[in-house]
file coords-v6.cif (mmCIF, C-alpha atoms)
data_structure
loop_
_atom_site.label_atom_id
_atom_site.label_comp_id
_atom_site.auth_asym_id
_atom_site.auth_seq_id
_atom_site.Cartn_x
_atom_site.Cartn_y
_atom_site.Cartn_z
CA MET A 338 -11.93 10.39 -8.04
CA SER A 339 -9.36 10.88 -5.31
CA ALA A 340 -8.91 10.48 -1.57
CA GLN A 341 -7.51 13.35 0.48
CA LEU A 342 -4.89 12.08 2.93
CA THR A 343 -3.94 15.36 4.62
CA PRO A 344 -5.61 18.68 5.43
CA ASN A 345 -3.13 20.42 3.11
CA ASP A 346 -4.76 18.68 0.14
CA PHE A 347 -2.37 15.80 -0.52
CA LYS A 348 -4.45 13.31 -2.51
CA ILE A 349 -4.11 9.79 -3.85
CA SER A 350 -6.35 8.01 -6.32
CA ARG A 351 -9.51 6.33 -5.00
CA ILE A 352 -8.13 3.00 -6.26
CA VAL A 353 -4.42 2.21 -5.87
CA ALA A 354 -2.40 -0.09 -8.15
CA GLY A 355 -0.47 -2.63 -6.07
CA MET A 356 2.91 -3.59 -7.49
CA MET A 357 3.60 -6.71 -5.40
CA ASN A 358 3.56 -9.06 -8.41
CA LEU A 359 5.01 -6.72 -11.02
CA SER A 360 8.13 -8.81 -11.65
CA ALA A 361 6.00 -11.91 -12.27
CA TRP A 362 4.11 -10.10 -15.03
CA ARG A 363 7.32 -10.12 -17.12
CA MET A 364 6.43 -6.97 -19.03
CA SER A 365 9.00 -5.29 -21.22
CA THR A 366 9.74 -1.68 -20.30
CA PRO A 367 7.65 -0.32 -23.23
CA GLU A 368 4.77 -2.61 -22.20
CA LEU A 369 4.97 -1.36 -18.63
CA VAL A 370 5.04 2.27 -19.79
CA ASN A 371 1.87 1.62 -21.79
CA TRP A 372 0.26 -0.09 -18.80
CA ILE A 373 1.07 2.89 -16.57
CA HIS A 374 -0.48 5.21 -19.14
CA ALA A 375 -3.61 3.05 -19.14
CA CYS A 376 -3.83 3.28 -15.34
CA LEU A 377 -3.44 7.06 -15.43
CA GLU A 378 -6.14 7.36 -18.08
CA MET A 379 -8.51 5.44 -15.79
CA GLY A 380 -7.71 7.78 -12.88
CA ILE A 381 -5.45 5.33 -11.05
CA THR A 382 -2.54 7.62 -10.24
CA THR A 383 -1.15 5.97 -7.10
CA PHE A 384 1.23 2.99 -7.23
CA ASP A 385 1.98 0.95 -4.12
CA HIS A 386 5.40 -0.65 -3.70
CA ALA A 387 7.53 -2.23 -0.99
CA ASP A 388 11.27 -2.76 -0.95
CA ILE A 389 10.79 -6.54 -0.65
CA TYR A 390 8.26 -7.05 -3.46
CA GLY A 391 9.44 -9.57 -6.02
CA GLY A 392 12.40 -10.46 -3.82
CA TYR A 393 13.60 -6.85 -3.96
CA THR A 394 13.05 -6.53 -7.74
CA CYS A 395 9.68 -4.84 -8.38
CA GLU A 396 10.77 -1.30 -7.58
CA SER A 397 13.62 -1.53 -10.07
CA VAL A 398 11.32 -2.86 -12.79
CA PHE A 399 8.93 0.05 -12.25
CA GLY A 400 11.86 2.45 -12.07
CA GLN A 401 13.03 1.39 -15.52
CA ALA A 402 9.68 2.59 -16.88
CA LEU A 403 10.05 5.93 -15.13
CA ALA A 404 13.59 6.28 -16.46
CA ALA A 405 12.31 5.57 -19.97
CA GLU A 406 9.63 8.25 -19.67
CA PRO A 407 10.54 10.65 -16.82
CA GLY A 408 7.47 12.80 -17.38
CA LEU A 409 5.31 10.07 -15.85
CA ARG A 410 6.61 10.79 -12.35
CA ASP A 411 4.80 14.11 -12.03
CA LYS A 412 1.50 12.43 -12.91
CA MET A 413 1.56 9.87 -10.10
CA GLN A 414 2.02 9.25 -6.39
CA LEU A 415 4.53 6.62 -5.27
CA VAL A 416 4.06 4.70 -2.03
CA SER A 417 6.65 2.30 -0.67
CA LYS A 418 7.23 0.30 2.50
CA CYS A 419 10.18 -0.89 4.54
CA GLY A 420 10.98 -2.77 7.72
CA ILE A 421 11.00 -6.43 6.62
CA GLN A 422 14.27 -8.24 5.88
CA LEU A 423 13.91 -11.26 3.59
CA VAL A 424 16.38 -14.09 3.05
CA THR A 425 16.99 -14.04 -0.70
CA GLY A 426 19.83 -14.16 -3.16
CA ASN A 427 19.20 -10.48 -3.88
CA ARG A 428 20.20 -9.66 -0.31
CA PRO A 429 22.98 -12.13 0.55
CA ALA A 430 23.74 -10.34 3.83
CA ASN A 431 20.26 -11.19 5.16
CA ARG A 432 20.74 -14.49 6.99
CA VAL A 433 17.50 -14.45 9.00
CA HIS A 434 13.98 -13.40 8.00
CA HIS A 435 13.21 -10.63 10.49
CA TYR A 436 11.90 -7.11 11.05
CA ASP A 437 14.20 -4.12 11.21
CA THR A 438 12.73 -0.72 12.08
CA SER A 439 15.97 0.84 13.21
CA ALA A 440 16.54 4.40 12.02
CA ALA A 441 19.54 3.30 9.98
CA HIS A 442 17.56 0.64 8.12
CA ILE A 443 14.55 2.89 7.47
CA VAL A 444 16.74 5.63 6.00
CA ALA A 445 18.87 3.22 3.97
CA SER A 446 15.80 1.40 2.64
CA ALA A 447 14.08 4.63 1.62
CA GLU A 448 17.19 5.85 -0.16
CA GLN A 449 17.51 2.52 -1.99
CA SER A 450 13.85 2.77 -3.04
CA LEU A 451 14.55 6.20 -4.49
CA ARG A 452 17.42 4.80 -6.53
CA ASN A 453 15.36 1.83 -7.66
CA LEU A 454 12.41 3.98 -8.71
CA HIS A 455 14.52 6.68 -10.38
CA THR A 456 12.87 9.43 -8.35
CA ASP A 457 13.98 12.11 -5.92
CA TYR A 458 11.18 11.55 -3.42
CA LEU A 459 8.51 9.14 -2.22
CA ASP A 460 5.05 10.55 -1.72
CA VAL A 461 4.42 8.14 1.16
CA LEU A 462 6.71 5.80 3.10
CA LEU A 463 5.12 3.13 5.32
CA ILE A 464 6.49 0.83 7.99
CA HIS A 465 5.48 -2.49 6.45
CA ARG A 466 4.60 -4.44 9.61
CA PRO A 467 4.75 -3.90 13.36
CA ASP A 468 8.17 -4.83 14.72
CA PRO A 469 8.02 -6.36 18.25
CA LEU A 470 11.21 -4.40 19.00
CA LEU A 471 10.04 -1.16 17.37
CA ASP A 472 11.47 1.89 19.11
CA ALA A 473 8.94 4.63 18.43
CA ASP A 474 11.45 7.41 19.06
CA GLU A 475 13.93 5.89 16.62
CA VAL A 476 11.31 5.44 13.89
CA ALA A 477 10.12 9.01 14.45
CA ALA A 478 13.69 10.28 14.12
CA ALA A 479 14.14 8.43 10.81
CA PHE A 480 10.85 9.76 9.48
CA ALA A 481 11.77 13.31 10.50
CA GLN A 482 15.20 13.02 8.84
CA LEU A 483 13.73 11.78 5.57
CA ARG A 484 11.03 14.45 5.52
CA GLN A 485 13.47 17.24 6.32
CA ALA A 486 15.72 16.08 3.48
CA GLY A 487 12.76 16.11 1.09
CA LYS A 488 13.18 12.41 0.33
CA VAL A 489 9.79 11.44 1.78
CA ARG A 490 6.80 13.76 1.81
CA HIS A 491 4.39 11.79 4.01
CA VAL A 492 4.60 8.78 6.29
CA GLY A 493 2.32 6.05 7.55
CA VAL A 494 2.14 2.44 8.63
CA SER A 495 0.84 -0.89 7.42
CA ASN A 496 -0.79 -3.70 9.41
CA PHE A 497 -0.58 -1.75 12.69
CA THR A 498 -3.10 -2.21 15.46
CA PRO A 499 -4.78 0.96 16.75
CA TRP A 500 -2.57 1.05 19.84
CA GLN A 501 0.60 0.53 17.77
CA PHE A 502 -0.53 3.36 15.50
CA ASP A 503 -1.14 5.62 18.51
CA LEU A 504 2.26 4.82 20.01
CA LEU A 505 4.16 5.91 16.91
CA ALA A 506 1.87 8.89 16.31
CA SER A 507 2.59 10.11 19.85
CA ARG A 508 6.26 10.59 18.93
CA LEU A 509 5.64 12.63 15.79
CA ASP A 510 4.89 16.30 15.24
CA PHE A 511 3.44 15.49 11.80
CA PRO A 512 0.66 13.02 11.03
CA LEU A 513 0.68 9.38 10.02
CA VAL A 514 -1.43 9.66 6.89
CA THR A 515 -2.62 6.05 6.54
CA ASN A 516 -2.69 2.55 7.94
CA GLN A 517 -2.65 -0.04 5.14
CA ILE A 518 -4.59 -3.02 6.49
CA GLU A 519 -6.04 -6.27 5.18
CA PHE A 520 -9.75 -5.71 4.56
CA SER A 521 -12.25 -7.37 2.24
CA VAL A 522 -15.55 -9.22 2.27
CA MET A 523 -13.40 -12.25 3.14
CA HIS A 524 -11.52 -10.49 5.95
CA LEU A 525 -13.73 -8.42 8.24
CA ASP A 526 -11.46 -7.98 11.26
CA PRO A 527 -11.00 -4.20 10.76
CA LEU A 528 -14.73 -3.75 11.33
CA HIS A 529 -14.36 -5.13 14.85
CA ASP A 530 -10.76 -4.61 16.04
CA GLY A 531 -10.92 -0.81 16.20
CA SER A 532 -8.82 -0.14 13.09
CA LEU A 533 -11.53 1.58 11.07
CA ASP A 534 -13.02 3.25 14.13
CA GLN A 535 -9.64 4.82 14.86
CA CYS A 536 -9.29 5.97 11.26
CA GLN A 537 -12.62 7.77 11.47
CA GLN A 538 -11.76 9.23 14.86
CA HIS A 539 -8.51 10.76 13.61
CA HIS A 540 -9.57 11.42 9.99
CA VAL A 541 -6.97 8.95 8.73
CA VAL A 542 -7.70 7.38 5.33
CA PRO A 543 -7.02 3.61 5.45
CA MET A 544 -5.74 1.63 2.52
CA ALA A 545 -7.00 -1.95 2.10
CA TRP A 546 -4.70 -4.64 0.79
CA GLY A 547 -6.17 -7.95 -0.33
CA PRO A 548 -9.44 -6.21 -1.25
CA LEU A 549 -10.61 -9.30 -3.15
CA GLY A 550 -9.56 -11.77 -0.48
CA GLY A 551 -6.35 -12.80 -2.19
CA GLY A 552 -8.33 -14.65 -4.85
CA GLU A 553 -10.18 -16.80 -2.30
CA LEU A 554 -13.36 -14.95 -3.12
CA PHE A 555 -13.29 -16.49 -6.60
CA HIS A 556 -11.60 -19.86 -6.11
CA ALA A 557 -11.63 -21.06 -2.50
CA ASP A 558 -13.58 -24.28 -2.00
CA ILE A 559 -14.77 -23.41 1.49
CA PRO A 560 -18.33 -22.80 2.75
CA ARG A 561 -17.79 -19.12 3.50
CA ALA A 562 -16.44 -18.36 0.04
CA HIS A 563 -19.35 -20.26 -1.55
CA ARG A 564 -21.85 -18.23 0.48
CA LEU A 565 -20.19 -14.95 -0.43
CA ARG A 566 -20.04 -15.78 -4.12
CA GLY A 567 -23.72 -16.64 -4.02
CA LYS A 568 -24.71 -13.43 -2.27
CA LEU A 569 -22.49 -11.26 -4.47
CA THR A 570 -23.96 -12.92 -7.56
CA GLU A 571 -27.45 -12.07 -6.30
CA ILE A 572 -26.43 -8.43 -5.95
CA CYS A 573 -24.93 -8.46 -9.44
CA GLU A 574 -28.22 -9.68 -10.83
CA GLU A 575 -30.07 -6.91 -8.97
CA VAL A 576 -27.86 -4.05 -10.14
CA GLY A 577 -27.05 -5.48 -13.58
CA ASP A 578 -23.91 -5.36 -15.71
CA MET A 579 -21.49 -5.81 -12.82
CA GLY A 580 -19.15 -8.59 -11.70
CA ILE A 581 -18.73 -9.90 -8.16
CA ASP A 582 -15.30 -8.26 -8.02
CA GLN A 583 -16.87 -4.87 -8.70
CA VAL A 584 -19.53 -5.40 -6.03
CA ALA A 585 -16.85 -6.43 -3.50
CA ILE A 586 -14.82 -3.29 -4.23
CA ALA A 587 -17.92 -1.09 -4.18
CA TRP A 588 -18.72 -2.48 -0.72
CA LEU A 589 -15.29 -1.33 0.53
CA LEU A 590 -15.74 2.10 -1.04
CA THR A 591 -18.98 2.72 0.86
CA HIS A 592 -17.32 2.60 4.28
CA PRO A 593 -17.37 6.03 5.95
CA ALA A 594 -13.65 5.84 6.78
CA GLY A 595 -12.97 6.38 3.06
CA VAL A 596 -11.23 3.04 2.47
CA VAL A 597 -8.82 3.03 -0.50
CA PRO A 598 -8.52 -0.46 -2.06
CA VAL A 599 -5.05 -1.53 -3.24
CA LEU A 600 -5.62 -3.83 -6.20
CA GLY A 601 -2.91 -6.36 -6.97
CA ASN A 602 -1.50 -6.83 -3.47
CA TRP A 603 -3.06 -10.21 -2.70
#

call {"tool": "encode", "arguments": {"input": "coords-v6.cif", "output": "structure tokens"}}
result
Amino acid sequence: MSAQLTPNDFKISRIVAGMMNLSAWRMSTPELVNWIHACLEMGITTFDHADIYGGYTCESVFGQALAAEPGLRDKMQLVSKCGIQLVTGNRPANRVHHYDTSAAHIVASAEQSLRNLHTDYLDVLLIHRPDPLLDADEVAAAFAQLRQAGKVRHVGVSNFTPWQFDLLASRLDFPLVTNQIEFSVMHLDPLHDGSLDQCQQHHVVPMAWGPLGGGELFHADIPRAHRLRGKLTEICEEVGDMGIDQVAIAWLLTHPAGVVPVLGNW
């Protein structure tokens, strides 16, 4: 199954593999290549990255697999994000944890992601989080430059409110194809803050990070998590041969906005 992000038939898989913790998995390159093959065989063809994941290491780890077997690139869609600057030994020039959505940073970050991933283009580039000092015209100019150069095919945002989404969209003559938001049975805000309503209104397919509540659904010792586990277990018993994780994901997939869960990112 797939989700269509644009009218011109650009599609991603109905479930996306989140690469936030890839470095922590400590896979060898051959092991990662085999894992990617397994994802593709299951119909998971979209892989979600960000420049900062793993302290700026996850993209390079994934890129080593693509370099080892270049033919994989044509079988997948690569998503990455930019706009957050972390203080880490991998970026010694970053002295303060902050947001940077300047045109220069967006372009430089995208080009670094291309080098890390051993690819000529990103299928989708997202602004990772709203920057209080975001200049919509400057972001739009960076997006346009990257698209015109063929380095990025589609653009979107992550964690934007509906009005922040509309502001940036108003400066573009091409669409924002997604808003990647936190959404799960443990986090229901998008049902009430207008995010999913806006997606339906503009035919934008949202991605959902943390689709299993960042593990709280299974382990949190709080009343709400206990209630949810109990109810999900009841549903499992009704439908048979299904775990509470599957029921929680199925619940997301039923939303009419066409929510695409990103597994592995919290």

call {"tool": "resolve_selection", "arguments": {"input": "coords-v6.cif", "expression": "the PyMOL selection byres ((chain A and resi 442-448) around 10)", "output": "ChimeraX atom specification"}}
result
/A:387-389,417-422,437-441,449-454,456-459,462-464,475-476,478-480,482-483,488-489

call {"tool": "atom_distance", "arguments": {"input": "coords-v6.cif", "atom1": "atom CA of Arg428 of chain A", "atom2": "atom CA of Thr394 of chain A"}}
result
10.8 Å

call {"tool": "closest_residue", "arguments": {"input": "coords-v6.cif", "among": "A:Gly380, A:Pro429, A:Gly595, A:Gly391", "to": "Met544 of chain A", "atoms": "all atoms listed in the file"}}
result
A:Gly595

call {"tool": "resolve_selection", "arguments": {"input": "coords-v6.cif", "expression": "the PyMOL selection byres ((chain A and resi 505-514) around 6)", "output": "count of residues only"}}
result
10

call {"tool": "atom_distance", "arguments": {"input": "coords-v6.cif", "atom1": "atom CA of Ser365 of chain A", "atom2": "atom CA of Tyr390 of chain A"}}
result
17.9 Å

call {"tool": "closest_residue", "arguments": {"input": "coords-v6.cif", "among": "A:His386, A:Arg351, A:His455, A:Lys568", "to": "Gly400 of chain A", "atoms": "only C-alpha atoms"}}
result
A:His455

call {"tool": "atom_distance", "arguments": {"input": "coords-v6.cif", "atom1": "atom CA of Pro467 of chain A", "atom2": "atom CA of Trp500 of chain A"}}
result
11.0 Å

call {"tool": "residues_around", "arguments": {"input": "coords-v6.cif", "residues": "segment 369-375 of chain A", "least_positions_apart": "5", "cutoff": "9 Å", "atoms": "only C-alpha atoms", "output": "ChimeraX atom specification"}}
result
/A:364,380-382,398-399,402-403,405-406,409

call {"tool": "closest_residue", "arguments": {"input": "coords-v6.cif", "among": "A:Lys348, A:His434, A:His592, A:His491", "to": "Pro527 of chain A", "atoms": "all atoms listed in the file"}}
result
A:His592

call {"tool": "axis_aligned_box", "arguments": {"input": "coords-v6.cif", "around": "segment 456-468 of chain A", "padding_each_side": "8 Å", "output": "lines of an AutoDock Vina configuration file"}}
result
center_x = 9.2
center_y = 3.6
center_z = 3.2
size_x = 25.6
size_y = 32.9
size_z = 39.1

call {"tool": "residues_around", "arguments": {"input": "coords-v6.cif", "residues": "Pro593 of chain A", "least_positions_apart": "6", "cutoff": "10 Å", "atoms": "all atoms listed in the file", "output": "MDAnalysis selection string"}}
result
chainID A and resid 533:534 536:537 542

call {"tool": "closest_residue", "arguments": {"input": "coords-v6.cif", "among": "A:Asn358, A:Ser532, A:Gln414, A:Thr343", "to": "Asp460 of chain A", "atoms": "only C-alpha atoms"}}
result
A:Gln414

call {"tool": "closest_residue", "arguments": {"input": "coords-v6.cif", "among": "A:Ala354, A:Ala404, A:Glu396, A:Tyr436", "to": "Thr366 of chain A", "atoms": "only C-alpha atoms"}}
result
A:Ala404

call {"tool": "residues_around", "arguments": {"input": "coords-v6.cif", "residues": "Leu590 of chain A", "least_positions_apart": "6", "cutoff": "12 Å", "atoms": "only C-alpha atoms", "output": "ChimeraX atom specification"}}
result
/A:338-340,351-352,520-522,542-545,548,583-584,596-599

call {"tool": "residues_around", "arguments": {"input": "coords-v6.cif", "residues": "Met357 of chain A", "least_positions_apart": "2", "cutoff": "6 Å", "atoms": "all atoms listed in the file", "output": "mmCIF file with C-alpha atoms, keeping the file's coordinate frame"}}
result
data_model
loop_
_atom_site.group_PDB
_atom_site.id
_atom_site.type_symbol
_atom_site.label_atom_id
_atom_site.label_comp_id
_atom_site.auth_asym_id
_atom_site.auth_seq_id
_atom_site.Cartn_x
_atom_site.Cartn_y
_atom_site.Cartn_z
ATOM 1 C CA GLY A 355 -0.470 -2.630 -6.070
ATOM 2 C CA LEU A 359 5.010 -6.720 -11.020
ATOM 3 C CA TYR A 390 8.260 -7.050 -3.460
ATOM 4 C CA ASN A 602 -1.500 -6.830 -3.470
#

call {"tool": "closest_residue", "arguments": {"input": "coords-v6.cif", "among": "A:Asp530, A:Glu519, A:Asp411, A:Glu574", "to": "Trp546 of chain A", "atoms": "all atoms listed in the file"}}
result
A:Glu519
